[in-house]
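Shown next: query_30.cif, containing mmCIF, C-alpha atoms.
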```
data_model
loop_
_atom_site.label_atom_id
_atom_site.label_comp_id
_atom_site.auth_asym_id
_atom_site.auth_seq_id
_atom_site.Cartn_x
_atom_site.Cartn_y
_atom_site.Cartn_z
CA MET A 1 50.95 -67.62 11.68
CA GLU A 2 52.07 -64.17 12.68
CA ALA A 3 49.85 -64.33 15.76
CA VAL A 4 51.44 -67.62 16.85
CA ALA A 5 54.92 -66.15 16.45
CA PHE A 6 53.90 -63.03 18.34
CA PHE A 7 52.42 -64.87 21.30
CA LEU A 8 55.37 -67.26 21.51
CA GLY A 9 57.72 -64.26 21.52
CA ALA A 10 55.54 -62.37 23.99
CA ILE A 11 55.42 -65.30 26.42
CA GLY A 12 59.20 -65.71 26.20
CA ALA A 13 59.86 -62.00 26.66
CA LEU A 14 57.44 -61.68 29.58
CA GLY A 15 58.77 -64.84 31.22
CA GLY A 16 62.33 -63.57 30.92
CA ALA A 17 61.33 -60.21 32.36
CA VAL A 18 59.53 -61.77 35.33
CA ALA A 19 62.53 -64.03 35.95
CA VAL A 20 64.87 -61.00 35.98
CA VAL A 21 62.80 -59.41 38.73
CA THR A 22 62.19 -62.54 40.81
CA LEU A 23 65.42 -64.56 40.64
CA ARG A 24 67.53 -63.88 43.70
CA ASN A 25 70.93 -64.71 42.27
CA PRO A 26 72.11 -61.76 40.11
CA PHE A 27 73.95 -64.16 37.81
CA TYR A 28 70.75 -66.01 36.90
CA ALA A 29 68.95 -62.67 36.51
CA VAL A 30 71.50 -61.67 33.85
CA LEU A 31 70.94 -64.95 31.99
CA ALA A 32 67.16 -64.41 32.19
CA LEU A 33 67.64 -60.99 30.61
CA VAL A 34 69.52 -62.63 27.72
CA VAL A 35 66.51 -64.91 27.16
CA HIS A 36 64.20 -61.90 27.29
CA LEU A 37 66.28 -59.97 24.74
CA VAL A 38 66.46 -62.88 22.29
CA PHE A 39 62.68 -63.31 22.33
CA LEU A 40 62.25 -59.55 22.00
CA ALA A 41 64.49 -59.59 18.92
CA GLY A 42 62.05 -62.11 17.42
CA ILE A 43 59.22 -59.65 18.02
CA PHE A 44 61.30 -56.91 16.37
CA LEU A 45 61.42 -59.15 13.29
CA LEU A 46 57.61 -59.25 13.22
CA LEU A 47 57.65 -55.44 13.17
CA ARG A 48 59.89 -55.48 10.08
CA ALA A 49 62.96 -54.26 11.96
CA GLN A 50 65.51 -56.79 10.73
CA PHE A 51 68.51 -54.55 11.31
CA LEU A 52 67.53 -53.72 14.89
CA ALA A 53 66.78 -57.35 15.67
CA ALA A 54 70.31 -58.26 14.59
CA ALA A 55 71.79 -55.27 16.45
CA GLN A 56 69.82 -56.23 19.56
CA ILE A 57 71.26 -59.74 19.56
CA ILE A 58 74.83 -58.74 18.72
CA VAL A 59 75.15 -55.59 20.85
CA TYR A 60 72.72 -56.26 23.69
CA ALA A 61 72.47 -60.01 24.17
CA GLY A 62 76.10 -60.38 23.13
CA ALA A 63 78.39 -57.53 24.15
CA VAL A 64 76.47 -55.76 26.92
CA MET A 65 75.46 -58.97 28.65
CA VAL A 66 79.08 -60.13 28.68
CA ILE A 67 79.91 -57.07 30.80
CA TYR A 68 77.01 -57.92 33.09
CA VAL A 69 78.09 -61.54 33.43
CA PHE A 70 81.62 -60.41 34.17
CA VAL A 71 80.56 -57.93 36.85
CA ALA A 72 78.07 -60.36 38.40
CA ALA A 73 80.84 -62.95 38.62
CA TYR A 74 83.38 -60.40 39.88
CA VAL A 75 81.14 -58.99 42.58
CA GLY A 76 79.91 -62.52 43.19
CA GLY A 77 77.82 -64.21 45.86
CA VAL A 78 75.94 -61.23 47.21
CA GLU A 79 73.01 -63.15 48.59
CA GLU A 80 70.09 -60.84 48.52
CA PRO A 81 67.73 -61.15 51.46
CA LYS A 82 64.37 -62.31 50.11
CA TRP A 83 61.81 -59.62 49.44
CA ASP A 84 62.19 -57.79 52.71
CA SER A 85 63.81 -54.72 51.11
CA SER A 86 61.58 -52.32 52.95
CA PRO A 87 58.03 -53.14 53.95
CA GLU A 88 56.63 -49.88 52.60
CA LEU A 89 58.07 -50.46 49.12
CA LYS A 90 56.74 -54.00 49.08
CA VAL A 91 53.21 -52.62 49.33
CA ILE A 92 53.61 -49.36 47.45
CA GLY A 93 55.71 -50.80 44.60
CA PRO A 94 53.06 -53.02 43.00
CA ILE A 95 50.37 -50.37 43.51
CA LEU A 96 52.50 -47.77 41.74
CA ALA A 97 53.30 -50.28 38.99
CA LEU A 98 49.61 -51.05 38.47
CA ALA A 99 48.84 -47.34 38.32
CA LEU A 100 51.63 -46.91 35.77
CA PHE A 101 50.27 -49.72 33.60
CA VAL A 102 46.76 -48.27 33.71
CA ALA A 103 48.14 -44.84 32.82
CA ILE A 104 50.08 -46.18 29.83
CA SER A 105 47.07 -48.17 28.63
CA ILE A 106 44.78 -45.15 28.86
CA ALA A 107 47.36 -43.08 27.00
CA VAL A 108 47.57 -45.67 24.22
CA VAL A 109 43.82 -46.26 23.91
CA GLY A 110 43.02 -42.57 24.13
CA SER A 111 45.68 -41.56 21.66
CA SER A 112 43.25 -41.98 18.72
CA LEU A 113 46.06 -43.28 16.53
CA THR A 114 44.44 -44.26 13.26
CA ALA A 115 46.63 -47.35 12.92
CA LEU A 116 45.30 -48.86 16.20
CA GLY A 117 43.31 -51.98 15.41
CA THR A 118 45.07 -52.53 12.10
CA GLY A 119 48.22 -54.35 11.17
CA GLY A 120 49.87 -51.15 10.00
CA PRO A 121 50.16 -49.88 6.44
CA GLU A 122 50.92 -52.49 3.81
CA ASP A 123 52.59 -50.22 1.28
CA ILE A 124 55.84 -49.72 3.17
CA PRO A 125 59.05 -49.44 1.15
CA ALA A 126 60.91 -52.66 0.38
CA ASP A 127 64.00 -51.61 2.31
CA PHE A 128 61.99 -50.86 5.48
CA GLY A 129 64.09 -51.83 8.49
CA THR A 130 66.94 -53.31 6.50
CA PRO A 131 70.50 -52.09 7.12
CA ALA A 132 70.32 -50.19 3.83
CA GLY A 133 67.09 -48.41 4.72
CA VAL A 134 67.99 -47.56 8.31
CA GLY A 135 71.52 -46.55 7.34
CA LYS A 136 70.23 -44.19 4.67
CA VAL A 137 67.88 -42.46 7.12
CA MET A 138 70.53 -42.36 9.82
CA LEU A 139 73.34 -40.90 7.72
CA GLU A 140 71.21 -38.47 5.74
CA ASP A 141 68.53 -37.15 8.10
CA PHE A 142 70.02 -37.95 11.50
CA LEU A 143 73.74 -37.37 10.99
CA LEU A 144 74.06 -35.06 14.00
CA PRO A 145 72.42 -37.47 16.49
CA PHE A 146 74.59 -40.23 15.05
CA GLU A 147 77.78 -38.25 15.72
CA ALA A 148 76.50 -37.25 19.16
CA ALA A 149 75.93 -40.94 19.96
CA SER A 150 79.51 -41.78 19.04
CA LEU A 151 80.75 -38.94 21.26
CA LEU A 152 78.55 -40.28 24.07
CA LEU A 153 80.15 -43.71 23.73
CA LEU A 154 83.61 -42.14 23.99
CA VAL A 155 82.60 -40.24 27.14
CA ALA A 156 81.17 -43.42 28.67
CA ALA A 157 84.37 -45.36 27.94
CA VAL A 158 86.48 -42.67 29.64
CA ALA A 159 84.03 -42.54 32.57
CA ALA A 160 84.24 -46.30 33.08
CA ILE A 161 88.04 -46.16 33.28
CA VAL A 162 87.93 -43.23 35.70
CA LEU A 163 85.27 -44.85 37.91
CA ALA A 164 86.46 -48.44 38.01
CA GLY A 165 90.20 -47.98 37.49
CA ARG A 166 92.53 -48.13 40.43
CA ARG A 167 93.49 -44.80 41.90
CA ARG A 168 97.19 -44.02 42.28
CA GLU A 169 97.03 -43.98 46.08
CA ASP A 170 95.27 -47.39 46.02
CA ARG A 171 98.06 -48.84 43.94
CA GLU A 172 100.78 -47.41 46.19
CA GLY A 173 98.92 -48.62 49.24
CA SER A 174 98.78 -52.17 47.92
CA ARG A 175 102.52 -52.38 47.27
CA MET B 1 47.95 -59.18 13.95
CA ASN B 2 46.81 -55.87 15.36
CA LEU B 3 49.49 -53.45 16.42
CA GLU B 4 47.98 -52.59 19.80
CA TRP B 5 49.10 -56.01 21.06
CA TYR B 6 52.68 -54.84 20.69
CA LEU B 7 51.90 -51.71 22.67
CA VAL B 8 50.24 -53.76 25.44
CA LEU B 9 53.31 -56.03 25.58
CA SER B 10 55.54 -52.97 25.75
CA ALA B 11 53.48 -51.50 28.62
CA LEU B 12 53.63 -54.82 30.51
CA LEU B 13 57.39 -55.12 30.10
CA PHE B 14 57.87 -51.52 31.20
CA THR B 15 55.73 -52.13 34.29
CA ILE B 16 57.67 -55.28 35.20
CA GLY B 17 60.94 -53.38 34.91
CA PHE B 18 59.48 -50.60 37.05
CA ILE B 19 58.51 -53.06 39.80
CA GLY B 20 62.04 -54.47 39.69
CA VAL B 21 63.66 -51.07 40.06
CA LEU B 22 61.47 -50.35 43.09
CA VAL B 23 61.70 -53.71 44.84
CA ARG B 24 65.19 -55.09 44.22
CA ARG B 25 68.18 -53.98 46.27
CA ASN B 26 71.21 -55.30 44.39
CA PRO B 27 72.49 -52.48 42.14
CA VAL B 28 73.34 -54.97 39.35
CA VAL B 29 69.75 -56.21 39.28
CA VAL B 30 68.42 -52.65 39.40
CA LEU B 31 70.48 -51.91 36.27
CA LEU B 32 69.06 -55.06 34.64
CA CYS B 33 65.53 -53.83 35.35
CA LEU B 34 66.44 -50.47 33.82
CA GLU B 35 67.44 -52.39 30.69
CA LEU B 36 64.00 -54.00 30.71
CA MET B 37 62.37 -50.57 30.79
CA LEU B 38 64.60 -49.29 27.98
CA SER B 39 63.88 -52.26 25.75
CA ALA B 40 60.14 -51.88 26.41
CA GLY B 41 60.42 -48.27 25.26
CA GLY B 42 62.26 -49.44 22.16
CA LEU B 43 59.48 -51.91 21.38
CA ALA B 44 56.89 -49.12 21.58
CA MET B 45 59.02 -46.96 19.32
CA LEU B 46 59.34 -49.73 16.72
CA THR B 47 55.58 -50.28 16.85
CA PHE B 48 54.91 -46.62 16.13
CA SER B 49 57.49 -46.76 13.37
CA ARG B 50 55.61 -49.69 11.82
CA MET B 51 52.28 -47.86 12.28
CA LEU B 52 53.49 -44.83 10.37
CA GLY B 53 55.48 -46.78 7.80
CA ASP B 54 58.38 -44.47 8.60
CA GLN B 55 61.87 -45.62 9.52
CA ASP B 56 62.74 -42.64 11.73
CA GLY B 57 61.62 -44.54 14.83
CA GLN B 58 64.16 -47.26 14.13
CA VAL B 59 66.98 -44.70 14.27
CA PHE B 60 65.64 -43.60 17.66
CA VAL B 61 65.83 -47.19 18.90
CA LEU B 62 69.40 -47.45 17.66
CA VAL B 63 70.32 -44.31 19.64
CA VAL B 64 68.55 -45.77 22.69
CA LEU B 65 70.73 -48.87 22.27
CA VAL B 66 73.84 -46.66 22.42
CA VAL B 67 72.54 -44.79 25.47
CA ALA B 68 71.78 -48.11 27.19
CA ALA B 69 75.32 -49.31 26.54
CA CYS B 70 76.72 -46.09 28.06
CA GLU B 71 74.41 -46.40 31.06
CA VAL B 72 75.57 -49.98 31.63
CA VAL B 73 79.23 -49.04 31.43
CA VAL B 74 78.92 -46.17 33.91
CA GLY B 75 76.58 -48.05 36.24
CA LEU B 76 78.70 -51.17 36.37
CA GLY B 77 81.80 -48.99 36.81
CA LEU B 78 80.13 -47.59 39.93
CA VAL B 79 79.30 -51.12 41.14
CA VAL B 80 82.91 -52.24 40.68
CA ALA B 81 84.17 -49.12 42.47
CA MET B 82 81.78 -49.82 45.37
CA PHE B 83 82.96 -53.41 45.52
CA ARG B 84 86.62 -52.31 45.59
CA ARG B 85 85.95 -49.98 48.52
CA ARG B 86 84.09 -52.77 50.31
CA LEU B 87 80.90 -50.75 50.48
CA PRO B 88 77.73 -52.81 50.91
CA LEU B 89 76.20 -53.61 47.51
CA ASP B 90 72.74 -52.52 48.51
CA VAL B 91 70.93 -49.53 47.08
CA ASP B 92 69.14 -48.94 50.38
CA ASP B 93 72.48 -48.39 52.10
CA MET B 94 73.79 -46.02 49.47
CA LYS B 95 72.99 -42.76 51.19
CA GLU B 96 75.67 -40.71 49.47
CA LEU B 97 77.73 -40.90 46.31
CA LYS B 98 80.80 -39.12 47.68
CA GLY B 99 84.08 -40.39 46.23
#
```
Output the file's structure in the form of structure tokens.
Amino acid sequence: MEAVAFFLGAIGALGGAVAVVTLRNPFYAVLALVVHLVFLAGIFLLLRAQFLAAAQIIVYAGAVMVIYVFVAAYVGGVEEPKWDSSPELKVIGPILALALFVAISIAVVGSSLTALGTGGPEDIPADFGTPAGVGKVMLEDFLLPFEAASLLLLVAAVAAIVLAGRRREDREGSR
Amino acid sequence: MNLEWYLVLSALLFTIGFIGVLVRRNPVVVLLCLELMLSAGGLAMLTFSRMLGDQDGQVFVLVVLVVAACEVVVGLGLVVAMFRRRLPLDVDDMKELKG
């Protein structure tokens, strides 16, 4: 049962990812990423990460993708020439990617993690991955990273206004 | 369901995102492919968290979610600024990031 759910989720996530890379219209690529993230949230559920699955759907597939859809619609019809970005990259890109995949696989197989080949420990706490469990760890052991993350969000919000907002000279020029 | 399947899926997703970053030219799509790589990293982190029976990895993924949101906001701010200045939306033509 779990295997069926995993392979369904994996096929959906991989299909969404491939569609993001291959679709030429940026708008459709954004929608493909939403599909990918929803399937990935299902896989998070299999890993007992209920809270992060919900956060993934609400924050990522919801809020962040709305910004993407907005920008893709705002920038609009930039027709990308097919795959002729640069001929060298077209050859080197997949080779590098294959090398990367092999490197990651070797790193995983050679890591001698004792849990490889098992389904993970069975005696995990009952609140594993629930909002209560994650919140307790986050606010007790990781309070400083949590506050740093909120500061980072503030900086990013200011940066977005500075970068994308109209400059004063632009506004005067358009009058 | 063995846990290495999750790691293999994570490696595949990361590789697909990597290909996208290298091959695509539209900055919006490059940012999308970066999201793919980030979410693949998050999947690996959750798998290790499940392997160890320890929730610390889940907090890491939450922080990665925040960092991804910041990256999106700044990156798309740059895209909008480029569009306003009528610069070509093509990462191959972006030779300099001068204001």
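Counting only C-alpha atoms, the residue from A:Ala107, A:Gly76, A:Val64, A:Ile58 that sits nearest to chain B is A:Val64.
On the file presented, the PyMOL selection byres ((chain B) within 6 of (chain A)) picks out Met1, Asn2, Leu3, Glu4, Thr15, Ile19, Gly20, Leu22, Met51, Gly53, Cys70, Val73, Val74, Gly77, Val80 and Ala81 of chain B.
CA of Leu7 (chain B) is positioned 11.5 Å from CA of Ile106 (chain A).
CA of Phe18 (chain B) to CA of Met37 (chain B) spans 6.9 Å [interatomic distance, one decimal].
If you measure from each of B:Leu38, B:Val29, B:Leu89, B:Leu76 to Phe60 (chain B) using only C-alpha atoms, the closest one turns out to be B:Leu38.
Of note, CA of Ala40 (chain B) and CA of Leu13 (chain B) are spaced 5.6 Å apart.
Minimum atom-to-atom distances from B:Leu9, B:Val72, B:Leu52, B:Val21 to Val69 (chain A) were compared using only C-alpha atoms, and the lowest value belongs to B:Val72.
Comparing B:Met82, B:Val91, B:Leu36, B:Leu46 by their smallest distance to Ala68 (chain B), the closest is B:Leu36 (using all atoms listed in the file).
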